[in-house]
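Student: Starting off with a structure, shown below.
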Amino acid sequence: MSGELSPIDKAKFVAAKRAVDFVEDGMRVGLGTGSTAAWMVRCLGELVREDGLRIKGVPTSSRTAELARDCGITVVSLDEARWLDLTIDGADEFDQDLNLIKGGGGALLQEKIVATASDQMIVIADVGKEVEHLGHFPLPLEVIPFGWQTTQALAEEMLISMDVLGRQSSLRMNGAAPYVTDEGNYILDLHLNRIGNARQLAMVLNQIPGVVENGLFIDICDKVVVGFGDGRVEVRDINDGSIEEGRLDFLEDDNLFRDLGE
Ligand SMILES: O=C[C@H](O)[C@H](O)[C@H](O)COP(=O)(O)O
């Protein structure tokens, strides 16, 4: 990476840097996917290499697995780890109840499995991801390739009946071909109006044959670490309602930040 980091990258970095404070020696840690989670993996790698932190990381995508190995983190599968102490991951949107939309990077399925198998999930996000109501970001729906157009039609019919479909859904593409997830599936991006009842929507979507999983994470996240471009960070905990405010003053001096920014 070269050049000055943007305020959004700084915000992602400080959220990631603060979140790794919650990782303790010996933990089994779920490693999220996306640009914010990538900062977290780099921060954890630095702790492993320089402070001797011993952790086992369970990645939520092939991309994260590769990055984690490059950073010196011991990578194990979820089945090897069985249960995780903590998962740290990004999000596309979070609301005040810490319900989320995830899957903008296509990794929602492994992310949801890993987060659900964890004692605690911490979301790291720049403040721009905070919303009053979920639904502005297109909701990803992972579907099996067989009969995907029929699955899409059924999903749209259901969304119209619930009055949440904005405009039609779209098949996520990778150039001229459909985007294929790590599990060999496709993704439909659902362009919705405001989601009134996210819990109900999440359950109903998963009833449609052909749907593997949706990107709504309801009652899974415990804490969100919100980063700001000026180095401020807020840790909000849904379980005790606490909000801790801080600032990472070391920002410009941080080795990792400097190395990646230069
Ligand atoms: O599938 C991808 C994940 O759910 C990401 O955590 C999410 O899209 C946020 O990504 P980013 O940190 O790049 O905004």
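Just so we're on the same page: first chain in the structure tokens is A, next is B, and so on; residues restart at 1 for each chain, and ligands are numbered from 1 in the order they show up.
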Compile a residue-level contact table for chain A against ligand 1 at a cut-off of 9 Å, reporting for every qualifying residue the shortest atom pair and its distance in Å to one decimal, with only C-alpha atoms and all ligand atoms counted, rows ordered by chain and ascending number, as CSV.

Tutor:
```
residue,atom,partner,partner_atom_place_in_ligand_line,distance
A:Lys12,CA,ligand 1,12 (O),7.5
A:Gly32,CA,ligand 1,6 (O),6.1
A:Thr33,CA,ligand 1,6 (O),4.9
A:Gly34,CA,ligand 1,13 (O),3.8
A:Ser35,CA,ligand 1,13 (O),3.6
A:Thr36,CA,ligand 1,12 (O),3.8
A:Ala37,CA,ligand 1,12 (O),5.9
A:Ala38,CA,ligand 1,12 (O),7.8
A:Trp39,CA,ligand 1,12 (O),8.9
A:Thr60,CA,ligand 1,1 (O),8.9
A:Ser61,CA,ligand 1,1 (O),8.6
A:Asp89,CA,ligand 1,6 (O),5.6
A:Gly90,CA,ligand 1,6 (O),3.7
A:Ala91,CA,ligand 1,9 (C),4.1
A:Asp92,CA,ligand 1,9 (C),4.6
A:Glu93,CA,ligand 1,9 (C),8.1
A:Ile101,CA,ligand 1,4 (O),7.5
A:Lys102,CA,ligand 1,4 (O),3.8
A:Gly103,CA,ligand 1,1 (O),3.3
A:Gly104,CA,ligand 1,8 (O),3.6
A:Gly105,CA,ligand 1,1 (O),3.3
A:Gly106,CA,ligand 1,1 (O),4.0
A:Ala107,CA,ligand 1,1 (O),3.7
A:Leu108,CA,ligand 1,1 (O),5.0
A:Leu109,CA,ligand 1,1 (O),8.3
A:Gln110,CA,ligand 1,1 (O),9.0
A:Glu111,CA,ligand 1,4 (O),6.9
A:Lys112,CA,ligand 1,4 (O),8.9
A:Val123,CA,ligand 1,6 (O),8.6
A:Ile124,CA,ligand 1,12 (O),7.8
A:Ala125,CA,ligand 1,12 (O),6.7
A:Asp126,CA,ligand 1,14 (O),8.3
A:Lys129,CA,ligand 1,14 (O),8.1
A:Pro140,CA,ligand 1,1 (O),8.8
A:Gly215,CA,ligand 1,4 (O),7.6
```

Student: Would you mind exporting C-alpha atoms of the selected residues as a PDB file, in the first residue's frame?

Tutor:
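Full text of out.pdb as output:
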```
ATOM      1  CA  LYS A  12     -10.917   1.339  10.136  1.00  0.00           C
ATOM      2  CA  GLY A  32     -13.430 -11.773   9.802  1.00  0.00           C
ATOM      3  CA  THR A  33     -13.256 -10.774   6.164  1.00  0.00           C
ATOM      4  CA  GLY A  34     -13.123  -7.407   4.405  1.00  0.00           C
ATOM      5  CA  SER A  35     -10.970  -4.302   4.462  1.00  0.00           C
ATOM      6  CA  THR A  36     -11.572  -3.497   8.159  1.00  0.00           C
ATOM      7  CA  ALA A  37     -10.999  -7.092   9.236  1.00  0.00           C
ATOM      8  CA  ALA A  38      -7.793  -7.113   7.188  1.00  0.00           C
ATOM      9  CA  TRP A  39      -6.461  -4.296   9.394  1.00  0.00           C
ATOM     10  CA  THR A  60     -13.878 -16.732   7.525  1.00  0.00           C
ATOM     11  CA  SER A  61     -12.671 -16.804   3.904  1.00  0.00           C
ATOM     12  CA  ASP A  89     -15.227  -8.913  12.013  1.00  0.00           C
ATOM     13  CA  GLY A  90     -16.335  -5.912   9.987  1.00  0.00           C
ATOM     14  CA  ALA A  91     -19.887  -5.039   8.899  1.00  0.00           C
ATOM     15  CA  ASP A  92     -21.629  -3.189   6.109  1.00  0.00           C
ATOM     16  CA  GLU A  93     -24.227  -1.656   8.445  1.00  0.00           C
ATOM     17  CA  ILE A 101     -25.893  -6.383   7.494  1.00  0.00           C
ATOM     18  CA  LYS A 102     -22.841  -8.302   6.342  1.00  0.00           C
ATOM     19  CA  GLY A 103     -21.682  -9.968   3.151  1.00  0.00           C
ATOM     20  CA  GLY A 104     -20.620  -7.017   1.012  1.00  0.00           C
ATOM     21  CA  GLY A 105     -17.400  -8.960   0.489  1.00  0.00           C
ATOM     22  CA  GLY A 106     -19.231 -12.234  -0.158  1.00  0.00           C
ATOM     23  CA  ALA A 107     -18.130 -14.038   3.006  1.00  0.00           C
ATOM     24  CA  LEU A 108     -21.390 -13.947   4.997  1.00  0.00           C
ATOM     25  CA  LEU A 109     -21.878 -17.708   5.240  1.00  0.00           C
ATOM     26  CA  GLN A 110     -18.576 -18.607   6.881  1.00  0.00           C
ATOM     27  CA  GLU A 111     -18.749 -15.361   8.874  1.00  0.00           C
ATOM     28  CA  LYS A 112     -22.131 -16.239  10.351  1.00  0.00           C
ATOM     29  CA  VAL A 123     -17.654  -5.761  15.161  1.00  0.00           C
ATOM     30  CA  ILE A 124     -15.138  -3.192  13.985  1.00  0.00           C
ATOM     31  CA  ALA A 125     -16.387  -0.404  11.757  1.00  0.00           C
ATOM     32  CA  ASP A 126     -15.817   3.159  10.688  1.00  0.00           C
ATOM     33  CA  LYS A 129     -21.463   2.132   8.864  1.00  0.00           C
ATOM     34  CA  PRO A 140     -26.727 -10.192   0.382  1.00  0.00           C
ATOM     35  CA  GLY A 215     -26.545 -11.297   5.513  1.00  0.00           C
TER      36      GLY A 215
END
```

Student: Considering only C-alpha atoms, return as a VMD selection string whatever protein or nucleic-acid residues lie within 9 Å of A:Arg167, sequence-local ones (same chain, fewer than 4 positions apart) excluded.

Tutor: chain A and resid 190 to 193

Student: Limited to C-alpha atoms, could you put the picked residues into a file as a PDB file, in the first residue's frame?

Tutor:
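Now in selection-v7.pdb:
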```pdb
ATOM      1  CA  LEU A 190     -31.530  -7.461  -2.427  1.00  0.00           C
ATOM      2  CA  HIS A 191     -32.227  -3.758  -2.886  1.00  0.00           C
ATOM      3  CA  LEU A 192     -34.673  -3.082  -0.108  1.00  0.00           C
ATOM      4  CA  ASN A 193     -36.596  -0.297   1.446  1.00  0.00           C
TER       5      ASN A 193
END
```

Student: From stretch 30-98 of chain A, collect each residue whose DSSP state is strand (DSSP E) and return the set as a PyMOL selection string.

Tutor: chain A and resi 30-31+56-59+74-75+86-89+93-94

Student: Counting only C-alpha atoms, which of A:Leu171, A:Leu165, A:Leu216, A:Val20 gets nearest to A:Gln149?

Tutor: A:Leu171

Student: Report the distance between atom CA of A:Pro138 and atom CA of A:Gln168 in Å, rounded to one decimal place.

Tutor: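 Atom CA of A:Gln168 lies 10.8 Å from atom CA of A:Pro138.
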
Student: Could you check the closest approach to A:Ile122 for each of A:Val14, A:Ile88, A:Leu31, A:Leu44 and tell me which residue wins, using only C-alpha atoms?

Tutor: A:Ile88

Student: Can you list, as a ChimeraX atom specification, every protein, DNA or RNA residue that comes within 8 Å of stretch 242-247 of chain A when you count only C-alpha atoms, leaving out same-chain residues fewer than 3 positions away?

Tutor: /A:231-238

Student: Go ahead and write the selection's residues with N, CA and C atoms as a compact mmCIF listing (two decimals), in the first residue's frame.

Tutor:
```
# COMPACT_ATOMS: atom_id res chain seq x y z
N GLY A 231 -8.82 9.48 14.82
CA GLY A 231 -8.18 8.65 15.84
C GLY A 231 -9.08 8.32 17.03
N ARG A 232 -10.28 8.92 17.08
CA ARG A 232 -11.18 8.58 18.18
C ARG A 232 -11.76 7.19 17.98
N VAL A 233 -12.01 6.52 19.10
CA VAL A 233 -12.66 5.20 19.05
C VAL A 233 -13.72 5.12 20.15
N GLU A 234 -14.79 4.44 19.85
CA GLU A 234 -15.84 4.21 20.85
C GLU A 234 -16.07 2.72 20.91
N VAL A 235 -16.16 2.19 22.14
CA VAL A 235 -16.50 0.77 22.31
C VAL A 235 -17.89 0.73 22.92
N ARG A 236 -18.84 0.20 22.17
CA ARG A 236 -20.22 0.10 22.69
C ARG A 236 -20.53 -1.37 22.94
N ASP A 237 -21.05 -1.62 24.15
CA ASP A 237 -21.34 -3.00 24.56
C ASP A 237 -22.85 -3.14 24.71
N ILE A 238 -23.44 -4.06 23.94
CA ILE A 238 -24.90 -4.21 23.95
C ILE A 238 -25.36 -4.91 25.23
```
